[in-house]
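*Asks:* Input target38.cif, format and content: mmCIF, C-alpha atoms.
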data_upload
#
loop_
_atom_site.label_atom_id
_atom_site.label_comp_id
_atom_site.auth_asym_id
_atom_site.auth_seq_id
_atom_site.Cartn_x
_atom_site.Cartn_y
_atom_site.Cartn_z
CA MET A 1 -9.79 -20.82 -58.00
CA ASN A 2 -10.18 -24.37 -59.32
CA VAL A 3 -13.26 -23.37 -61.30
CA ALA A 4 -11.47 -20.29 -62.63
CA ILE A 5 -8.53 -22.42 -63.79
CA VAL A 6 -10.73 -24.94 -65.61
CA ALA A 7 -12.72 -22.16 -67.26
CA THR A 8 -9.55 -20.31 -68.27
CA VAL A 9 -8.00 -23.39 -69.88
CA LEU A 10 -11.12 -24.55 -71.71
CA ALA A 11 -12.32 -21.14 -72.86
CA GLY A 12 -8.83 -19.76 -73.50
CA LEU A 13 -7.86 -22.54 -75.89
CA LEU A 14 -11.17 -22.18 -77.72
CA VAL A 15 -10.78 -18.41 -78.04
CA ASP A 16 -7.22 -18.82 -79.30
CA GLN A 17 -8.34 -21.21 -81.99
CA GLN A 18 -11.56 -19.49 -83.07
CA TRP A 19 -10.59 -15.79 -82.89
CA ALA A 20 -7.69 -15.74 -85.36
CA LEU A 21 -6.91 -12.02 -85.07
CA HIS A 22 -6.75 -11.39 -81.32
CA GLY A 23 -7.64 -14.71 -79.74
CA GLN A 24 -4.14 -15.57 -78.60
CA VAL A 25 -3.70 -12.15 -76.98
CA ALA A 26 -7.03 -12.46 -75.15
CA ALA A 27 -6.28 -15.99 -73.97
CA SER A 28 -2.81 -14.97 -72.80
CA ALA A 29 -4.16 -11.98 -70.86
CA ALA A 30 -6.73 -14.16 -69.11
CA ALA A 31 -4.15 -16.83 -68.22
CA TRP A 32 -1.73 -14.29 -66.73
CA ILE A 33 -4.51 -12.58 -64.75
CA VAL A 34 -5.65 -15.86 -63.20
CA CYS A 35 -2.03 -16.85 -62.57
CA ALA A 36 -1.41 -13.52 -60.81
CA ALA A 37 -4.52 -14.05 -58.68
CA LEU A 38 -3.27 -17.51 -57.76
CA TRP A 39 0.13 -16.07 -56.84
CA MET A 40 -1.41 -13.44 -54.55
CA ARG A 41 -3.60 -16.04 -52.82
CA SER A 42 -0.73 -18.50 -52.28
CA ALA A 43 1.48 -18.95 -49.23
CA PRO A 44 5.24 -18.29 -49.56
CA ARG A 45 6.01 -22.03 -49.81
CA ALA A 46 3.50 -22.46 -52.62
CA ARG A 47 4.94 -19.46 -54.45
CA ILE A 48 8.30 -21.21 -54.68
CA SER A 49 6.61 -24.11 -56.45
CA LEU A 50 4.67 -21.81 -58.79
CA ALA A 51 7.79 -19.85 -59.72
CA ALA A 52 9.77 -23.05 -60.33
CA CYS A 53 6.96 -24.42 -62.48
CA LEU A 54 6.85 -21.24 -64.57
CA ALA A 55 10.60 -21.24 -65.20
CA ILE A 56 10.99 -24.96 -65.91
CA ALA A 57 7.88 -25.16 -68.09
CA THR A 58 9.01 -22.24 -70.23
CA ALA A 59 12.41 -23.83 -70.83
CA GLY A 60 10.78 -27.18 -71.54
CA GLU A 61 8.39 -25.69 -74.09
CA ALA A 62 11.24 -23.96 -75.90
CA PHE A 63 13.15 -27.23 -76.16
CA LEU A 64 10.29 -29.61 -77.01
CA SER A 65 8.48 -27.38 -79.49
CA LEU A 66 10.98 -24.95 -81.00
CA ALA A 67 14.22 -26.95 -80.79
CA TRP A 68 13.12 -30.58 -81.03
CA GLY A 69 9.96 -30.00 -83.06
CA LEU A 70 8.00 -32.65 -81.18
CA TYR A 71 4.84 -30.58 -81.56
CA ARG A 72 3.93 -27.26 -83.12
CA TYR A 73 1.51 -24.57 -82.01
CA ARG A 74 -0.99 -23.08 -84.41
CA LEU A 75 1.10 -20.01 -85.22
CA GLY A 76 4.49 -21.71 -84.96
CA ASN A 77 5.33 -19.87 -81.74
CA ILE A 78 4.99 -20.52 -78.02
CA PRO A 79 1.78 -18.68 -77.09
CA LEU A 80 2.14 -16.43 -74.08
CA PHE A 81 -0.67 -18.29 -72.33
CA VAL A 82 1.34 -21.52 -72.28
CA PRO A 83 3.79 -20.78 -69.39
CA PRO A 84 1.09 -19.55 -66.96
CA GLY A 85 -1.15 -22.34 -68.24
CA HIS A 86 1.37 -24.88 -66.97
CA VAL A 87 1.32 -23.17 -63.57
CA LEU A 88 -2.46 -23.27 -63.42
CA LEU A 89 -2.58 -26.91 -64.45
CA TYR A 90 0.09 -27.79 -61.88
CA PHE A 91 -1.91 -26.12 -59.10
CA LEU A 92 -5.11 -27.84 -60.21
CA GLY A 93 -3.25 -31.15 -60.21
CA THR A 94 -2.14 -30.65 -56.61
CA GLN A 95 -5.74 -29.99 -55.57
CA ILE A 96 -7.04 -33.14 -57.27
CA ALA A 97 -4.13 -35.30 -56.09
CA ALA A 98 -4.87 -34.43 -52.47
CA ARG A 99 -8.29 -36.05 -52.87
CA LEU A 100 -7.18 -39.29 -54.54
CA PRO A 101 -7.70 -42.49 -52.54
CA ALA A 102 -4.62 -44.26 -51.23
CA ARG A 103 -2.73 -46.33 -53.83
CA SER A 104 -5.03 -45.19 -56.64
CA GLU A 105 -1.98 -43.84 -58.44
CA TRP A 106 -0.81 -47.37 -59.22
CA TRP A 107 -4.23 -48.31 -60.59
CA ILE A 108 -3.95 -45.36 -62.99
CA ALA A 109 -0.51 -46.54 -64.10
CA ALA A 110 -1.72 -50.11 -64.53
CA ALA A 111 -4.76 -49.02 -66.57
CA ALA A 112 -2.64 -46.98 -68.98
CA ALA A 113 -0.02 -49.67 -69.66
CA PRO A 114 -2.06 -52.01 -71.94
CA LEU A 115 -3.27 -49.12 -74.11
CA VAL A 116 0.23 -47.69 -74.48
CA MET A 117 1.68 -51.07 -75.42
CA ALA A 118 -1.15 -51.89 -77.84
CA LEU A 119 -0.69 -48.63 -79.74
CA ALA A 120 3.06 -49.24 -79.93
CA TRP A 121 2.51 -52.83 -81.11
CA ILE A 122 0.42 -51.72 -84.09
CA GLY A 123 2.88 -48.92 -84.90
CA ARG A 124 0.54 -46.01 -84.16
CA ASP A 125 2.54 -44.64 -81.23
CA THR A 126 6.00 -46.14 -80.78
CA LEU A 127 6.99 -43.11 -78.70
CA GLY A 128 4.42 -44.20 -76.10
CA PRO A 129 6.49 -46.84 -74.25
CA ILE A 130 9.34 -44.37 -73.75
CA LEU A 131 6.97 -41.77 -72.35
CA TYR A 132 5.28 -44.37 -70.18
CA ALA A 133 8.68 -45.41 -68.83
CA LEU A 134 9.34 -41.76 -67.90
CA PHE A 135 6.02 -41.73 -66.07
CA VAL A 136 6.93 -44.84 -64.08
CA VAL A 137 10.37 -43.42 -63.26
CA CYS A 138 8.71 -40.30 -61.85
CA MET A 139 6.37 -42.48 -59.79
CA LEU A 140 9.31 -44.40 -58.34
CA ALA A 141 11.61 -41.42 -57.84
CA SER A 142 9.47 -39.31 -55.54
CA PRO A 143 6.78 -39.77 -52.88
CA SER A 144 4.52 -37.31 -54.79
CA ARG A 145 3.07 -40.22 -56.77
CA ARG A 146 -0.52 -39.09 -56.57
CA LEU A 147 0.43 -35.80 -58.17
CA TYR A 148 2.18 -37.53 -61.08
CA ALA A 149 -0.71 -39.92 -61.64
CA THR A 150 -3.14 -37.01 -61.52
CA MET A 151 -1.11 -34.99 -64.00
CA PHE A 152 -0.76 -37.99 -66.29
CA VAL A 153 -4.55 -38.10 -66.68
CA LEU A 154 -5.25 -34.37 -66.39
CA SER A 155 -2.67 -33.38 -68.99
CA ALA A 156 -3.77 -36.16 -71.35
CA THR A 157 -7.29 -34.73 -71.17
CA MET A 158 -6.01 -31.25 -71.97
CA GLU A 159 -3.82 -32.58 -74.79
CA ILE A 160 -6.78 -34.33 -76.39
CA TYR A 161 -8.87 -31.18 -76.11
CA GLY A 162 -6.16 -28.85 -77.42
CA THR A 163 -5.24 -31.01 -80.40
CA TRP A 164 -8.89 -31.73 -81.18
CA ILE A 165 -9.77 -28.05 -81.61
CA GLY A 166 -6.45 -27.31 -83.36
CA ASN A 167 -4.34 -25.26 -80.93
CA TRP A 168 -1.30 -27.45 -81.54
CA ARG A 169 -0.37 -30.64 -83.34
CA TRP A 170 2.12 -33.40 -82.51
CA SER A 171 4.46 -34.56 -85.24
CA ALA A 172 3.49 -37.97 -86.62
CA HIS A 173 7.19 -38.83 -86.90
CA VAL A 174 9.37 -37.99 -83.92
CA PRO A 175 12.36 -35.93 -85.12
CA TYR A 176 15.77 -37.63 -84.83
CA LEU A 177 14.37 -40.79 -83.19
CA GLY A 178 12.55 -42.45 -86.06
CA LEU A 179 9.53 -43.17 -83.87
CA THR A 180 5.84 -42.56 -84.51
CA ALA A 181 3.48 -40.55 -82.34
CA MET A 182 -0.25 -40.05 -82.16
CA ASN A 183 -1.77 -36.60 -82.01
CA PRO A 184 -1.47 -36.48 -79.04
CA PRO A 185 0.54 -39.46 -77.74
CA LEU A 186 -1.48 -41.34 -75.15
CA ALA A 187 1.37 -41.04 -72.64
CA ALA A 188 2.10 -37.36 -73.36
CA GLY A 189 1.36 -36.68 -69.70
CA ALA A 190 4.79 -38.09 -68.88
CA PHE A 191 6.31 -34.73 -69.85
CA TYR A 192 4.10 -33.03 -67.28
CA CYS A 193 5.14 -35.61 -64.70
CA VAL A 194 8.80 -34.81 -65.35
CA LEU A 195 7.97 -31.12 -65.00
CA ASP A 196 6.25 -31.74 -61.68
CA LEU A 197 9.10 -33.93 -60.44
CA LEU A 198 11.53 -31.08 -61.18
CA VAL A 199 9.21 -28.60 -59.46
CA VAL A 200 8.88 -30.78 -56.37
CA THR A 201 12.65 -31.25 -56.25
CA ALA A 202 13.36 -27.54 -56.75
CA THR A 203 10.84 -26.62 -54.07
CA ALA A 204 12.32 -29.08 -51.57
CA ARG A 205 15.82 -27.72 -52.20
CA GLY A 206 14.63 -24.15 -52.04
CA LEU A 207 13.06 -24.75 -48.63
CA SER A 208 15.99 -26.77 -47.26
CA PRO A 209 17.41 -25.21 -44.05
CA ALA A 210 20.94 -25.94 -45.27
CA ARG A 211 20.37 -23.66 -48.24
CA TRP A 212 19.67 -20.69 -46.02
CA ARG A 213 22.31 -21.28 -43.31
CA PRO A 214 25.07 -19.25 -45.05
CA ALA A 215 22.76 -16.25 -45.45
CA ILE A 216 21.56 -16.54 -41.84
CA ALA A 217 25.13 -16.83 -40.56
CA ALA A 218 26.17 -13.78 -42.56
CA ALA A 219 23.25 -11.79 -41.18
CA ARG A 220 24.14 -12.76 -37.63
CA ALA A 221 27.78 -11.79 -38.19
CA ARG A 222 26.70 -8.34 -39.34
CA ASP A 223 24.30 -7.94 -36.42
CA PRO A 224 25.38 -9.86 -33.29
CA SER A 225 22.41 -8.58 -31.26
CA PRO A 226 20.11 -11.10 -29.49
CA ARG A 227 17.33 -10.25 -31.95
CA ALA A 228 19.54 -11.26 -34.89
CA ARG A 229 20.30 -14.62 -33.22
CA GLU A 230 16.57 -15.31 -33.26
#
Would it be possible to restate this file's structure as structure tokens?
*Replies:*
Amino acid sequence: MNVAIVATVLAGLLVDQQWALHGQVAASAAAWIVCAALWMRSAPRARISLAACLAIATAGEAFLSLAWGLYRYRLGNIPLFVPPGHVLLYFLGTQIAARLPARSEWWIAAAAAPLVMALAWIGRDTLGPILYALFVVCMLASPSRRLYATMFVLSATMEIYGTWIGNWRWSAHVPYLGLTAMNPPLAAGAFYCVLDLLVVTATARGLSPARWRPAIAAARARDPSPRARE
């Protein structure tokens, strides 16, 4: 599955950019097929995370790209491969994060800081410190720090690849904020970290026993048999 995800992302973005007539349709079909395969192979707990990622990522894309105008896709839309692509990247991030050495997440954060600050100092990417601060907040707000550090690097790699071949482009001047941004911003992975923090939070709440107690109590009231009490 990990190999399939990497191949889908790399080849899908290339097909979208090179095959102007039907490339986006082909890339979208491949992304949804792999996402469906991942869904069928996943346990119920993992499916909650995947569904939350799909919903939150779609809303985030609509806001960041269409409403805010922070970046723009090649055709001025949100390609249909983008929402499942976020799900696939999230899953891949969880697989890599599980293999990171202890405390390596803080080394990743420390390595990124000087580059972010240097680019802001010379005026190339004044949005960077804000994004980096978001990344640090995510690291401090949740124990899933390895996941956020992984996604910070993994998404930055994908952003560099996607902007390099021309699938999307970040605005050089951040709308409404008067800041500058590289294409892509070095700390663009912070948005993915926020997404993952929301997914982790939504999953934890969705699996909380307190959330299901009213439904369980109602079911027991309708069926007072010993089997229902189980």
*Asks:* Hey, what's within 8 Å of Ala188 of chain A if we count only C-alpha atoms and toss same-chain stuff fewer than 2 positions away? As a VMD selection string, please?
*Replies:* chain A and resid 128 131 152 155 to 156 159 184 to 186 190 to 192
*Asks:* When you count only C-alpha atoms, which of these residues is closest to Ser28 of chain A: A:Leu80, A:Val136, A:Ala113, A:Pro44?
*Replies:* A:Leu80
*Asks:* Set the distance at 12 Å and use all atoms listed in the file: which residues neighbour Ala187 of chain A once local chain neighbours fewer than 4 positions away are removed? I'd like the list as an mmCIF file with C-alpha atoms, in the coordinates of the input.
*Replies:*
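Result saved to around_28.cif:
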data_model
loop_
_atom_site.group_PDB
_atom_site.id
_atom_site.type_symbol
_atom_site.label_atom_id
_atom_site.label_comp_id
_atom_site.auth_asym_id
_atom_site.auth_seq_id
_atom_site.Cartn_x
_atom_site.Cartn_y
_atom_site.Cartn_z
ATOM 1 C CA ILE A 108 -3.950 -45.360 -62.990
ATOM 2 C CA ALA A 109 -0.510 -46.540 -64.100
ATOM 3 C CA ALA A 111 -4.760 -49.020 -66.570
ATOM 4 C CA ALA A 112 -2.640 -46.980 -68.980
ATOM 5 C CA ALA A 113 -0.020 -49.670 -69.660
ATOM 6 C CA PRO A 114 -2.060 -52.010 -71.940
ATOM 7 C CA LEU A 115 -3.270 -49.120 -74.110
ATOM 8 C CA VAL A 116 0.230 -47.690 -74.480
ATOM 9 C CA MET A 117 1.680 -51.070 -75.420
ATOM 10 C CA LEU A 119 -0.690 -48.630 -79.740
ATOM 11 C CA ALA A 120 3.060 -49.240 -79.930
ATOM 12 C CA ASP A 125 2.540 -44.640 -81.230
ATOM 13 C CA THR A 126 6.000 -46.140 -80.780
ATOM 14 C CA LEU A 127 6.990 -43.110 -78.700
ATOM 15 C CA GLY A 128 4.420 -44.200 -76.100
ATOM 16 C CA PRO A 129 6.490 -46.840 -74.250
ATOM 17 C CA ILE A 130 9.340 -44.370 -73.750
ATOM 18 C CA LEU A 131 6.970 -41.770 -72.350
ATOM 19 C CA TYR A 132 5.280 -44.370 -70.180
ATOM 20 C CA ALA A 133 8.680 -45.410 -68.830
ATOM 21 C CA LEU A 134 9.340 -41.760 -67.900
ATOM 22 C CA PHE A 135 6.020 -41.730 -66.070
ATOM 23 C CA VAL A 136 6.930 -44.840 -64.080
ATOM 24 C CA ALA A 149 -0.710 -39.920 -61.640
ATOM 25 C CA MET A 151 -1.110 -34.990 -64.000
ATOM 26 C CA PHE A 152 -0.760 -37.990 -66.290
ATOM 27 C CA VAL A 153 -4.550 -38.100 -66.680
ATOM 28 C CA LEU A 154 -5.250 -34.370 -66.390
ATOM 29 C CA SER A 155 -2.670 -33.380 -68.990
ATOM 30 C CA ALA A 156 -3.770 -36.160 -71.350
ATOM 31 C CA THR A 157 -7.290 -34.730 -71.170
ATOM 32 C CA GLU A 159 -3.820 -32.580 -74.790
ATOM 33 C CA ILE A 160 -6.780 -34.330 -76.390
ATOM 34 C CA ALA A 181 3.480 -40.550 -82.340
ATOM 35 C CA MET A 182 -0.250 -40.050 -82.160
ATOM 36 C CA ASN A 183 -1.770 -36.600 -82.010
ATOM 37 C CA PHE A 191 6.310 -34.730 -69.850
ATOM 38 C CA TYR A 192 4.100 -33.030 -67.280
ATOM 39 C CA CYS A 193 5.140 -35.610 -64.700
#
*Asks:* Between atom CA of Arg103 of chain A and atom CA of Ile5 of chain A, what is the distance in Å, rounded to a tenth?
*Replies:* 26.5 Å
*Asks:* So, with only C-alpha atoms as the atoms that count, which of A:Ser42, A:Asn167, A:Ser49, A:Gln24 lies closest to Ala202 of chain A?
*Replies:*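 Between A:Ser42, A:Asn167, A:Ser49, A:Gln24, the residue approaching Ala202 of chain A most closely is A:Ser49.
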*Asks:* To one decimal place, how far is atom CA of Tyr161 of chain A from atom CA of Arg145 of chain A in Å?
*Replies:*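 Taking atom CA of Tyr161 of chain A as the start and atom CA of Arg145 of chain A as the end point, the length is 24.5 Å.
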*Asks:* As a check of understanding, name the residues that the PyMOL selection byres ((chain A and resi 65) around 12) selects in the supplied structure, as a PDB file with C-alpha atoms, in the coordinates of the input.
*Replies:*
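The file below, expr_21.pdb, is the result:
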ATOM      1  CA  ALA A  57       7.880 -25.160 -68.090  1.00  0.00           C
ATOM      2  CA  THR A  58       9.010 -22.240 -70.230  1.00  0.00           C
ATOM      3  CA  ALA A  59      12.410 -23.830 -70.830  1.00  0.00           C
ATOM      4  CA  GLY A  60      10.780 -27.180 -71.540  1.00  0.00           C
ATOM      5  CA  GLU A  61       8.390 -25.690 -74.090  1.00  0.00           C
ATOM      6  CA  ALA A  62      11.240 -23.960 -75.900  1.00  0.00           C
ATOM      7  CA  PHE A  63      13.150 -27.230 -76.160  1.00  0.00           C
ATOM      8  CA  LEU A  64      10.290 -29.610 -77.010  1.00  0.00           C
ATOM      9  CA  LEU A  66      10.980 -24.950 -81.000  1.00  0.00           C
ATOM     10  CA  ALA A  67      14.220 -26.950 -80.790  1.00  0.00           C
ATOM     11  CA  TRP A  68      13.120 -30.580 -81.030  1.00  0.00           C
ATOM     12  CA  GLY A  69       9.960 -30.000 -83.060  1.00  0.00           C
ATOM     13  CA  LEU A  70       8.000 -32.650 -81.180  1.00  0.00           C
ATOM     14  CA  TYR A  71       4.840 -30.580 -81.560  1.00  0.00           C
ATOM     15  CA  ARG A  72       3.930 -27.260 -83.120  1.00  0.00           C
ATOM     16  CA  TYR A  73       1.510 -24.570 -82.010  1.00  0.00           C
ATOM     17  CA  ARG A  74      -0.990 -23.080 -84.410  1.00  0.00           C
ATOM     18  CA  LEU A  75       1.100 -20.010 -85.220  1.00  0.00           C
ATOM     19  CA  GLY A  76       4.490 -21.710 -84.960  1.00  0.00           C
ATOM     20  CA  ASN A  77       5.330 -19.870 -81.740  1.00  0.00           C
ATOM     21  CA  ILE A  78       4.990 -20.520 -78.020  1.00  0.00           C
ATOM     22  CA  PRO A  79       1.780 -18.680 -77.090  1.00  0.00           C
ATOM     23  CA  VAL A  82       1.340 -21.520 -72.280  1.00  0.00           C
ATOM     24  CA  TRP A 168      -1.300 -27.450 -81.540  1.00  0.00           C
ATOM     25  CA  ARG A 169      -0.370 -30.640 -83.340  1.00  0.00           C
ATOM     26  CA  TRP A 170       2.120 -33.400 -82.510  1.00  0.00           C
ATOM     27  CA  SER A 171       4.460 -34.560 -85.240  1.00  0.00           C
ATOM     28  CA  VAL A 174       9.370 -37.990 -83.920  1.00  0.00           C
ATOM     29  CA  PRO A 175      12.360 -35.930 -85.120  1.00  0.00           C
TER      30      PRO A 175
END
*Asks:* Quick one: distance from atom CA of Gly189 of chain A to atom CA of Ala46 of chain A in Å, one decimal?
*Replies:*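 Interatomic distance, atom CA of Gly189 of chain A to atom CA of Ala46 of chain A: 22.3 Å.
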*Asks:* Compare A:Trp32, A:Phe81, A:Trp121, A:Trp106 by their minimum atom-to-atom distance to Asp16 of chain A, counting all atoms listed in the file, and give me the closest one.
*Replies:*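 Checking each candidate against Asp16 of chain A, we get A:Phe81 as the closest.
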*Asks:* Output the residue selection produced by the PyMOL selection byres ((chain A and resi 146) around 10) on the file above, formatted as an mmCIF file with C-alpha atoms, in the coordinates of the input.
*Replies:*
data_model
loop_
_atom_site.group_PDB
_atom_site.id
_atom_site.type_symbol
_atom_site.label_atom_id
_atom_site.label_comp_id
_atom_site.auth_asym_id
_atom_site.auth_seq_id
_atom_site.Cartn_x
_atom_site.Cartn_y
_atom_site.Cartn_z
ATOM 1 C CA GLY A 93 -3.250 -31.150 -60.210
ATOM 2 C CA THR A 94 -2.140 -30.650 -56.610
ATOM 3 C CA ILE A 96 -7.040 -33.140 -57.270
ATOM 4 C CA ALA A 97 -4.130 -35.300 -56.090
ATOM 5 C CA ALA A 98 -4.870 -34.430 -52.470
ATOM 6 C CA ARG A 99 -8.290 -36.050 -52.870
ATOM 7 C CA LEU A 100 -7.180 -39.290 -54.540
ATOM 8 C CA PRO A 101 -7.700 -42.490 -52.540
ATOM 9 C CA ALA A 102 -4.620 -44.260 -51.230
ATOM 10 C CA ARG A 103 -2.730 -46.330 -53.830
ATOM 11 C CA SER A 104 -5.030 -45.190 -56.640
ATOM 12 C CA GLU A 105 -1.980 -43.840 -58.440
ATOM 13 C CA TRP A 106 -0.810 -47.370 -59.220
ATOM 14 C CA ILE A 108 -3.950 -45.360 -62.990
ATOM 15 C CA MET A 139 6.370 -42.480 -59.790
ATOM 16 C CA PRO A 143 6.780 -39.770 -52.880
ATOM 17 C CA SER A 144 4.520 -37.310 -54.790
ATOM 18 C CA ARG A 145 3.070 -40.220 -56.770
ATOM 19 C CA LEU A 147 0.430 -35.800 -58.170
ATOM 20 C CA TYR A 148 2.180 -37.530 -61.080
ATOM 21 C CA ALA A 149 -0.710 -39.920 -61.640
ATOM 22 C CA THR A 150 -3.140 -37.010 -61.520
ATOM 23 C CA MET A 151 -1.110 -34.990 -64.000
ATOM 24 C CA PHE A 152 -0.760 -37.990 -66.290
#
*Asks:* Rank A:Ser142, A:Thr180, A:Thr201, A:Thr163 by their smallest atom-to-atom distance to Gln17 of chain A, using all atoms listed in the file, and report the top residue only.
*Replies:*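 Residue with the minimum atom-to-atom distance to Gln17 of chain A: A:Thr163.
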*Asks:* Adding 5 Å on each side of the box along x, y and z that holds all listed atoms of segment 6-18 of chain A, could you give its centre and edge lengths in Å to one decimal, as AutoDock Vina command-line options?
*Replies:*
--center_x -10.0 --center_y -21.7 --center_z -74.3 --size_x 15.5 --size_y 16.5 --size_z 27.5
*Asks:* Considering all atoms listed in the file, state which residue in the set A:Leu195, A:Arg124, A:Pro84, A:Leu50 is at the smallest distance from Ala172 of chain A.
*Replies:* A:Arg124
*Asks:* Give the answer as one residue: which of A:Leu179, A:Ala20, A:Ala141, A:Met1 has the shortest atom-to-atom distance to Gln95 of chain A, using all atoms listed in the file?
*Replies:*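 Residue with the minimum atom-to-atom distance to Gln95 of chain A: A:Met1.
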*Asks:* Can you give me, as an MDAnalysis selection string, the residues this file yields under the PyMOL selection byres ((chain A and resi 87) around 8)?
*Replies:* chainID A and resid 35 50 53:54 83:86 88:91
